[in-house]
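Chemist: Below you'll find protein_13.cif; it's mmCIF, C-alpha atoms and all ligand atoms.
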data_final
loop_
_atom_site.label_atom_id
_atom_site.label_comp_id
_atom_site.auth_asym_id
_atom_site.auth_seq_id
_atom_site.Cartn_x
_atom_site.Cartn_y
_atom_site.Cartn_z
CA MET P 13 86.98 5.69 -6.19
CA GLY P 14 86.11 1.99 -6.36
CA VAL P 15 87.69 -0.48 -3.93
CA VAL P 16 89.49 -3.70 -4.86
CA ASN P 17 90.69 -5.45 -1.73
CA VAL P 18 93.09 -8.23 -2.78
CA THR P 19 92.87 -9.76 0.69
CA PRO P 20 91.45 -12.88 2.31
CA ASP P 21 90.19 -10.94 5.35
CA SER P 22 88.83 -7.41 4.68
CA PHE P 23 85.76 -6.73 6.75
CA SER P 24 83.31 -6.13 3.94
CA ASP P 25 84.53 -8.16 0.99
CA GLY P 26 87.45 -10.28 2.28
CA GLY P 27 88.35 -13.16 -0.03
CA ARG P 28 86.10 -12.23 -2.93
CA TRP P 29 88.84 -10.69 -5.08
CA PHE P 30 91.86 -12.54 -3.66
CA ASP P 31 92.61 -14.21 -6.98
CA PRO P 32 94.42 -11.64 -9.24
CA ALA P 33 92.26 -12.36 -12.30
CA ALA P 34 89.09 -11.93 -10.21
CA ALA P 35 90.50 -8.70 -8.77
CA VAL P 36 91.25 -7.29 -12.24
CA LYS P 37 87.80 -8.27 -13.50
CA HIS P 38 86.25 -6.62 -10.45
CA GLY P 39 88.26 -3.42 -11.06
CA LEU P 40 87.01 -3.30 -14.66
CA ASP P 41 83.44 -3.83 -13.43
CA LEU P 42 83.85 -0.90 -11.03
CA VAL P 43 84.98 1.32 -13.93
CA ALA P 44 81.98 0.16 -15.98
CA GLY P 45 79.85 1.14 -12.98
CA GLY P 46 81.24 4.69 -13.00
CA ALA P 47 84.50 4.65 -10.99
CA ASP P 48 87.08 7.22 -12.11
CA LEU P 49 89.80 5.60 -10.02
CA VAL P 50 90.29 2.07 -8.66
CA ASP P 51 91.98 1.68 -5.26
CA VAL P 52 93.91 -1.60 -4.98
CA GLY P 53 94.94 -2.80 -1.51
CA GLY P 54 96.61 -5.96 -0.22
CA GLU P 55 96.38 -5.46 3.55
CA SER P 56 93.21 -5.49 5.61
CA THR P 57 92.96 -2.61 8.07
CA ARG P 58 89.79 -3.82 9.76
CA PRO P 59 89.76 -3.22 13.53
CA GLY P 60 91.96 -5.77 15.28
CA ALA P 61 93.66 -7.01 12.07
CA SER P 62 97.29 -8.10 12.26
CA ARG P 63 99.73 -7.05 9.56
CA VAL P 64 100.46 -8.88 6.34
CA ASP P 65 104.03 -9.78 5.34
CA GLU P 66 105.62 -7.15 3.07
CA ASP P 67 106.48 -9.48 0.16
CA GLU P 68 103.06 -11.04 0.33
CA GLU P 69 101.46 -7.59 0.14
CA SER P 70 103.46 -6.77 -3.01
CA ARG P 71 102.60 -10.16 -4.53
CA ARG P 72 98.91 -9.41 -4.04
CA VAL P 73 98.88 -5.83 -5.26
CA VAL P 74 101.46 -5.33 -8.02
CA PRO P 75 100.06 -7.68 -10.72
CA VAL P 76 96.57 -6.23 -10.23
CA VAL P 77 97.88 -2.65 -10.51
CA ARG P 78 99.86 -3.59 -13.63
CA ASP P 79 96.98 -5.38 -15.37
CA LEU P 80 94.38 -2.72 -14.59
CA THR P 81 96.78 0.01 -15.77
CA ALA P 82 97.32 -1.93 -19.00
CA GLU P 83 93.54 -1.81 -19.48
CA GLY P 84 93.65 2.00 -19.25
CA VAL P 85 92.31 2.21 -15.67
CA LEU P 86 93.57 4.92 -13.30
CA VAL P 87 94.78 3.00 -10.26
CA SER P 88 95.66 4.06 -6.73
CA VAL P 89 97.47 1.79 -4.30
CA ASP P 90 96.23 1.44 -0.73
CA THR P 91 99.33 0.68 1.32
CA MET P 92 101.24 1.77 4.43
CA ARG P 93 104.55 0.45 3.05
CA ALA P 94 107.04 2.45 0.97
CA SER P 95 108.36 -0.65 -0.82
CA VAL P 96 104.84 -1.61 -1.94
CA ALA P 97 104.10 1.97 -3.01
CA VAL P 98 107.31 2.10 -5.08
CA ARG P 99 106.55 -1.19 -6.83
CA ALA P 100 102.96 -0.12 -7.45
CA ILE P 101 104.08 3.22 -8.92
CA GLU P 102 106.48 1.31 -11.21
CA ALA P 103 103.51 -0.86 -12.21
CA GLY P 104 101.48 2.25 -13.11
CA ALA P 105 99.73 3.49 -9.94
CA VAL P 106 98.92 7.21 -10.22
CA LEU P 107 98.19 7.88 -6.54
CA VAL P 108 99.30 6.47 -3.17
CA ASN P 109 96.60 6.08 -0.54
CA ASP P 110 98.22 5.54 2.86
CA VAL P 111 95.80 5.15 5.77
CA SER P 112 98.64 6.10 8.12
CA GLY P 113 99.41 9.34 6.24
CA GLY P 114 103.07 8.29 6.07
CA LEU P 115 103.39 7.57 9.80
CA ALA P 116 103.64 3.77 9.61
CA ASP P 117 106.75 3.69 7.40
CA PRO P 118 109.38 6.48 7.54
CA GLY P 119 110.33 5.64 3.96
CA MET P 120 106.87 6.37 2.59
CA VAL P 121 106.89 10.16 2.18
CA PRO P 122 110.35 10.29 0.51
CA ALA P 123 109.31 7.42 -1.77
CA VAL P 124 106.11 9.17 -2.86
CA ALA P 125 107.98 12.48 -3.25
CA ALA P 126 110.44 10.73 -5.57
CA GLY P 127 107.62 8.93 -7.41
CA GLY P 128 105.95 12.26 -8.21
CA VAL P 129 102.38 11.06 -7.60
CA PRO P 130 99.61 12.45 -5.36
CA PHE P 131 99.36 11.19 -1.78
CA VAL P 132 96.31 10.68 0.44
CA VAL P 133 96.99 11.75 4.02
CA MET P 134 94.43 10.04 6.25
CA HIS P 135 93.88 10.88 9.90
CA TRP P 136 95.48 8.00 11.83
CA ARG P 137 96.34 7.34 15.46
CA GLY P 138 97.86 3.88 15.27
CA PHE P 139 97.63 0.39 13.84
CA SER P 140 94.37 -1.54 13.74
CA ARG P 141 95.24 -3.62 16.82
CA GLU P 142 95.40 -0.59 19.06
CA MET P 143 93.14 1.98 17.43
CA HIS P 144 90.09 1.29 19.61
CA ARG P 145 91.68 2.62 22.76
CA ARG P 146 92.81 5.76 20.90
CA ALA P 147 89.24 6.73 19.97
CA VAL P 148 89.11 9.42 22.66
CA TYR P 149 88.31 13.02 21.74
CA ALA P 150 86.99 16.11 23.51
CA ASP P 151 86.13 17.75 20.17
CA VAL P 152 86.67 15.27 17.35
CA VAL P 153 86.39 17.72 14.44
CA ARG P 154 88.81 20.21 15.95
CA GLU P 155 91.33 17.52 16.94
CA VAL P 156 91.22 15.66 13.62
CA VAL P 157 91.64 18.92 11.67
CA ALA P 158 94.55 19.97 13.92
CA GLU P 159 96.28 16.57 13.67
CA LEU P 160 95.77 16.42 9.89
CA GLY P 161 97.02 19.99 9.51
CA ALA P 162 100.21 19.11 11.42
CA ARG P 163 100.64 16.00 9.32
CA LEU P 164 100.24 17.98 6.08
CA GLU P 165 102.99 20.35 7.21
CA ALA P 166 105.31 17.45 8.02
CA VAL P 167 104.64 15.76 4.68
CA VAL P 168 105.29 18.99 2.76
CA ALA P 169 108.50 19.57 4.75
CA ALA P 170 109.57 16.03 3.79
CA GLY P 171 109.22 16.78 0.09
CA ILE P 172 105.71 16.25 -1.30
CA PRO P 173 104.37 19.52 -2.76
CA PRO P 174 101.06 20.64 -1.19
CA GLU P 175 99.22 20.52 -4.52
CA ARG P 176 99.77 16.74 -4.59
CA LEU P 177 98.08 16.12 -1.22
CA VAL P 178 94.57 14.90 -0.47
CA VAL P 179 93.15 14.70 3.09
CA ASP P 180 90.84 12.08 4.57
CA PRO P 181 89.15 12.07 8.02
CA GLY P 182 89.78 8.31 8.41
CA LEU P 183 86.24 7.22 9.26
CA GLY P 184 86.32 4.22 11.61
CA PHE P 185 90.05 4.56 12.33
CA ALA P 186 90.41 5.29 16.06
CA LYS P 187 86.84 6.59 15.91
CA ARG P 188 83.56 5.52 17.36
CA ALA P 189 80.29 5.82 15.43
CA GLU P 190 79.49 9.21 16.96
CA HIS P 191 82.92 10.53 15.97
CA ASP P 192 82.41 9.41 12.36
CA LEU P 193 79.07 11.20 12.20
CA ARG P 194 80.45 14.40 13.67
CA LEU P 195 83.28 14.36 11.13
CA ILE P 196 80.86 13.98 8.23
CA ALA P 197 78.74 16.81 9.58
CA GLY P 198 81.91 18.88 9.97
CA LEU P 199 83.41 18.19 6.55
CA GLY P 200 83.61 21.93 5.91
CA ALA P 201 86.27 22.25 8.62
CA LEU P 202 88.35 19.62 6.83
CA ARG P 203 87.93 21.42 3.52
CA ALA P 204 89.29 24.53 5.21
CA LEU P 205 92.67 22.75 5.26
CA GLY P 206 92.76 23.76 1.60
CA ARG P 207 93.22 20.32 0.11
CA PRO P 208 90.77 17.98 -1.69
CA VAL P 209 88.88 15.74 0.77
CA LEU P 210 88.43 11.99 0.31
CA VAL P 211 85.60 10.35 2.29
CA ALA P 212 85.72 6.58 2.78
CA GLY P 213 82.71 5.45 4.79
CA SER P 214 81.56 2.61 2.57
CA ARG P 215 79.86 -0.21 4.54
CA LYS P 216 81.61 0.89 7.74
CA ARG P 217 80.56 0.15 11.28
CA PHE P 218 78.91 3.52 11.93
CA LEU P 219 76.49 2.78 9.08
CA GLY P 220 75.80 -0.60 10.69
CA HIS P 221 74.98 1.25 13.94
CA ILE P 222 72.55 3.56 12.17
CA LEU P 223 70.83 0.64 10.41
CA ALA P 224 70.77 -1.76 13.38
CA ASP P 225 67.45 -3.44 14.14
CA ALA P 226 65.56 -3.13 17.44
CA ASP P 227 67.84 -5.56 19.29
CA GLY P 228 70.94 -3.71 18.06
CA THR P 229 72.01 -6.20 15.37
CA PRO P 230 73.59 -4.38 12.43
CA PRO P 231 73.02 -5.61 8.85
CA PRO P 232 75.96 -7.43 7.21
CA ALA P 233 78.44 -5.25 5.34
CA HIS P 234 76.86 -5.82 1.93
CA GLY P 235 73.49 -4.75 3.39
CA ARG P 236 74.87 -1.23 3.89
CA ASP P 237 75.16 -0.14 0.25
CA ALA P 238 72.03 2.02 0.12
CA ALA P 239 73.24 3.80 3.26
CA THR P 240 76.66 4.17 1.61
CA ALA P 241 75.07 5.79 -1.43
CA ALA P 242 73.20 8.22 0.85
CA LEU P 243 76.49 9.05 2.56
CA SER P 244 78.13 9.57 -0.86
CA ALA P 245 75.44 12.06 -1.87
CA ILE P 246 75.88 13.95 1.41
CA ALA P 247 79.68 13.97 1.15
CA ALA P 248 79.57 15.12 -2.47
CA HIS P 249 77.06 17.83 -1.58
CA GLN P 250 79.46 19.04 1.12
CA GLY P 251 82.26 19.34 -1.41
CA ALA P 252 84.17 16.06 -1.06
CA TRP P 253 86.66 15.52 -3.89
CA ALA P 254 86.07 11.77 -3.96
CA VAL P 255 84.25 8.99 -2.16
CA ARG P 256 85.83 5.55 -1.79
CA VAL P 257 83.20 2.82 -2.10
CA HIS P 258 82.68 -0.87 -2.77
CA ASP P 259 79.40 -0.61 -4.70
CA VAL P 260 80.22 2.01 -7.30
CA ARG P 261 77.05 2.05 -9.37
CA ALA P 262 74.73 3.31 -6.62
CA THR P 263 77.27 5.88 -5.47
CA ALA P 264 77.86 7.15 -9.03
CA ASP P 265 74.13 7.89 -9.23
CA ALA P 266 74.13 9.51 -5.78
CA VAL P 267 77.04 11.75 -6.79
CA ARG P 268 75.21 12.71 -9.99
CA VAL P 269 72.23 13.83 -7.90
CA ALA P 270 74.49 15.94 -5.67
CA ARG P 271 76.16 17.47 -8.73
CA ALA P 272 72.81 18.31 -10.34
CA LEU P 273 71.70 19.96 -7.13
CA ALA P 274 74.91 21.99 -6.96
CA SER P 275 74.44 23.29 -10.49
CA ALA P 276 70.79 24.17 -9.79
CA THR P 277 71.63 26.41 -6.82
N1 LIG G 301 89.42 2.67 4.89
C1 LIG G 301 89.78 1.42 4.59
C2 LIG G 301 90.81 1.16 3.67
N2 LIG G 301 91.44 2.17 3.05
N3 LIG G 301 91.70 4.47 2.67
C3 LIG G 301 91.37 5.73 2.96
N4 LIG G 301 91.99 6.75 2.33
N5 LIG G 301 90.40 6.03 3.86
C4 LIG G 301 89.74 5.06 4.55
O1 LIG G 301 88.88 5.39 5.40
C5 LIG G 301 90.06 3.70 4.27
C6 LIG G 301 91.07 3.45 3.31
C7 LIG G 301 89.10 0.27 5.27
O2 LIG G 301 87.97 -0.11 4.58
P1 LIG G 301 87.88 -1.40 3.59
O3 LIG G 301 88.27 -2.60 4.39
O4 LIG G 301 86.47 -1.39 3.18
O5 LIG G 301 88.77 -1.20 2.41
#
Give the structure from the file, written as structure tokens.
Ligand code: PMM

Modeler:
Amino acid sequence: MGVVNVTPDSFSDGGRWFDPAAAVKHGLDLVAGGADLVDVGGESTRPGASRVDEDEESRRVVPVVRDLTAEGVLVSVDTMRASVAVRAIEAGAVLVNDVSGGLADPGMVPAVAAGGVPFVVMHWRGFSREMHRRAVYADVVREVVAELGARLEAVVAAGIPPERLVVDPGLGFAKRAEHDLRLIAGLGALRALGRPVLVAGSRKRFLGHILADADGTPPPAHGRDAATAALSAIAAHQGAWAVRVHDVRATADAVRVARALASAT
């Protein structure tokens, strides 16, 4: 899954694809690099970010979804808002990726149920402004699996069939670097929920921590792509259904290595 952030302020690529034509071109480049799916988002969820206006979010996302779909690209929409999801589905989106797992907008789950598309349920404990203080766990893998399991049940009860659901540990969302690493190591426990697992660690802070130099300075976001590819290989090897990344080409190769290894064992 390649990422197109149509935002002025995302942490790793904010502003680069804010113009719709540039965003569409970037989406096509990601497909040429090996992406099977392009995830289009119009709201930054970086830690501390404030929310974008609803109409503005639709204005950013919908034309890009429509134009990429017209080019034959499979598009997912990254949004926490039902109205944006509905307009994106009308424009051709084949999957809704909601970092709040339907918790941010009570209209989301019914809207996706009616739209008939798959839904990504990410582990989420609150909006970006407040997620830092919620990064408290005694046993992060057990708690994330339990909270995601409860969320899956609620989403199914609200009308989305289980076979349309994907789960995601929500790396970096109400999590510190050590939590992210434990969740990657414990991916098998997430798979035990019985749904495909999406892993979205591309360029995130925990990779910056791992790569930091002697005085603790992390490399800039775009200096984390080799580490992202390594993470993609590990996630694929552990049975992830998809990895969501900014630099698709390196990850496509990493996933090929993991696949070759799986078929050799
Ligand atoms: N992270 C970001 C945005 N969307 N979607 C899912 N399903 N999982 C994530 O972890 C996730 C996401 C934030 O990263 P970005 O600013 O690089 O897009």

Chemist: From the options P:Val167, P:Ala242, P:Val179, P:Ala226, which residue's atoms come nearest to ligand LIG 301 (chain G), counting all atoms listed in the file?

Modeler: P:Val179

Chemist: Kindly indicate which residue among P:Leu183, P:Val87, P:Val106, P:Ile172 lies nearest to ligand LIG 301 (chain G), using all atoms listed in the file for the distances.

Modeler: P:Leu183

Chemist: Could the residues that lie within 7 Å of ligand LIG 301 (chain G), counting all atoms listed in the file, be listed as a list in words?

Modeler: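 The distance check yields Val15, Asn17, Ser22, Phe23, Ser24, Ser56, Thr57, Arg58, Asp90, Asn109, Asp110, Val111, Val132, Met134, Asp180, Gly182, Leu183, Gly184, Leu210, Val211, Ala212, Gly213, Ser214 and Arg215 of chain P.
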
Chemist: Pick out the closest residue to P:Pro20 from this set: P:Val257, P:Ala35, P:Leu219, P:Val43. Count all atoms listed in the file.

Modeler: P:Ala35

Chemist: Using only C-alpha atoms, which protein or nucleic acid residues come within 10 Å of P:Gly60? Drop anything in the same chain fewer than 2 positions from it, and give the result as a VMD selection string.

Modeler: chain P and resid 56 to 58 62 to 63 139 to 144

Chemist: Rounded to one decimal place, report the atom CA of P:Gly114-atom CA of P:Ala170 distance in Å.

Modeler: 10.4 Å

Chemist: Give me the residues near P:Ala245 as a CSV table (one decimal) with C-alpha atoms, in the coordinates of the input, where near means some atom within 8 Å (using all atoms listed in the file) and where sequence neighbours in that chain fewer than 2 positions away do not count.

Modeler:
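And here's part-v2.csv as it stands now:
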chain,number,residue,atom,x,y,z
P,241,ALA,CA,75.1,5.8,-1.4
P,242,ALA,CA,73.2,8.2,0.8
P,243,LEU,CA,76.5,9.0,2.6
P,247,ALA,CA,79.7,14.0,1.2
P,248,ALA,CA,79.6,15.1,-2.5
P,249,HIS,CA,77.1,17.8,-1.6
P,263,THR,CA,77.3,5.9,-5.5
P,266,ALA,CA,74.1,9.5,-5.8
P,267,VAL,CA,77.0,11.8,-6.8
P,269,VAL,CA,72.2,13.8,-7.9
P,270,ALA,CA,74.5,15.9,-5.7

Chemist: So which one's closest to P:Ala33, P:Leu80, P:Ala264, P:Ala238, P:Val50? Using only C-alpha atoms, please.

Modeler: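 Of the candidates, the smallest distance to P:Ala33 is held by P:Leu80.
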
Chemist: Let me make sure I understand: among P:Arg176, P:Ala254, P:Glu190, P:Ala82, which one has the smallest atom-to-atom distance to P:Asp48 if we use all atoms listed in the file?

Modeler: P:Ala254

Chemist: Between P:Gly27, P:Pro208, P:Gly138, P:Pro130, which one has atoms that come closest to P:Val255, using all atoms listed in the file?

Modeler: P:Pro208

Chemist: Report as JSON the centre and the edge lengths, in Å to one decimal, of the axis-aligned box holding every listed atom of stretch 26-40 of chain P, padded by 8 Å on each side.

Modeler:
{"center_x": 90.3, "center_y": -8.8, "center_z": -6.2, "size_x": 24.3, "size_y": 26.9, "size_z": 32.9}

Chemist: In Å, rounded to a single decimal, give me how far atom CA of P:Ala233 is from atom CA of P:Ala262.

Modeler: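 About the pair atom CA of P:Ala262 and atom CA of P:Ala233: they are 15.2 Å apart.
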
Chemist: Take stretch 262-273 of chain P, bring it up to all heavy atoms, and give me the output as a compact mmCIF listing (two decimals), in the frame of the given file.

Modeler:
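Below is the file that was written, out_24.txt:
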# COMPACT_ATOMS: atom_id res chain seq x y z
N ALA P 262 75.69 2.52 -7.41
CA ALA P 262 74.73 3.31 -6.62
C ALA P 262 75.34 4.66 -6.23
O ALA P 262 74.67 5.70 -6.27
CB ALA P 262 74.31 2.53 -5.38
N THR P 263 76.62 4.63 -5.87
CA THR P 263 77.27 5.88 -5.47
C THR P 263 77.43 6.82 -6.65
O THR P 263 77.30 8.04 -6.52
CB THR P 263 78.61 5.57 -4.78
OG1 THR P 263 78.34 5.40 -3.39
CG2 THR P 263 79.62 6.70 -4.95
N ALA P 264 77.72 6.28 -7.84
CA ALA P 264 77.86 7.15 -9.03
C ALA P 264 76.55 7.91 -9.25
O ALA P 264 76.56 9.11 -9.54
CB ALA P 264 78.24 6.33 -10.25
N ASP P 265 75.43 7.21 -9.09
CA ASP P 265 74.13 7.89 -9.23
C ASP P 265 73.94 8.94 -8.14
O ASP P 265 73.48 10.06 -8.39
CB ASP P 265 72.98 6.88 -9.15
CG ASP P 265 72.87 6.05 -10.42
OD1 ASP P 265 73.58 6.36 -11.40
OD2 ASP P 265 72.08 5.08 -10.43
N ALA P 266 74.30 8.58 -6.91
CA ALA P 266 74.13 9.51 -5.78
C ALA P 266 74.96 10.78 -6.01
O ALA P 266 74.50 11.89 -5.75
CB ALA P 266 74.56 8.82 -4.48
N VAL P 267 76.17 10.60 -6.54
CA VAL P 267 77.04 11.75 -6.79
C VAL P 267 76.47 12.61 -7.91
O VAL P 267 76.54 13.84 -7.87
CB VAL P 267 78.48 11.27 -7.09
CG1 VAL P 267 79.35 12.41 -7.61
CG2 VAL P 267 79.11 10.67 -5.83
N ARG P 268 75.85 11.94 -8.90
CA ARG P 268 75.21 12.71 -9.99
C ARG P 268 74.07 13.58 -9.44
O ARG P 268 73.88 14.72 -9.87
CB ARG P 268 74.64 11.77 -11.05
CG ARG P 268 75.68 11.36 -12.05
CD ARG P 268 75.04 10.59 -13.20
NE ARG P 268 76.04 9.70 -13.74
CZ ARG P 268 75.99 8.39 -13.67
NH1 ARG P 268 74.97 7.77 -13.11
NH2 ARG P 268 76.97 7.67 -14.17
N VAL P 269 73.32 13.04 -8.50
CA VAL P 269 72.23 13.83 -7.90
C VAL P 269 72.81 15.05 -7.18
O VAL P 269 72.33 16.18 -7.34
CB VAL P 269 71.39 12.96 -6.93
CG1 VAL P 269 70.38 13.82 -6.17
CG2 VAL P 269 70.69 11.84 -7.68
N ALA P 270 73.88 14.82 -6.41
CA ALA P 270 74.49 15.94 -5.67
C ALA P 270 75.01 16.99 -6.65
O ALA P 270 74.88 18.20 -6.42
CB ALA P 270 75.62 15.41 -4.80
N ARG P 271 75.61 16.52 -7.74
CA ARG P 271 76.16 17.47 -8.73
C ARG P 271 75.04 18.28 -9.38
O ARG P 271 75.16 19.48 -9.58
CB ARG P 271 76.94 16.67 -9.78
CG ARG P 271 77.85 17.53 -10.61
CD ARG P 271 78.54 16.74 -11.68
NE ARG P 271 79.48 15.76 -11.14
CZ ARG P 271 79.85 14.65 -11.79
NH1 ARG P 271 79.32 14.34 -12.95
NH2 ARG P 271 80.73 13.84 -11.25
N ALA P 272 73.94 17.61 -9.71
CA ALA P 272 72.81 18.31 -10.34
C ALA P 272 72.27 19.37 -9.40
O ALA P 272 71.95 20.49 -9.80
CB ALA P 272 71.72 17.31 -10.72
N LEU P 273 72.21 19.02 -8.13
CA LEU P 273 71.70 19.96 -7.13
C LEU P 273 72.64 21.17 -7.04
O LEU P 273 72.19 22.31 -6.97
CB LEU P 273 71.62 19.24 -5.78
CG LEU P 273 70.89 19.94 -4.68
CD1 LEU P 273 69.43 20.16 -5.05
CD2 LEU P 273 70.97 19.12 -3.39
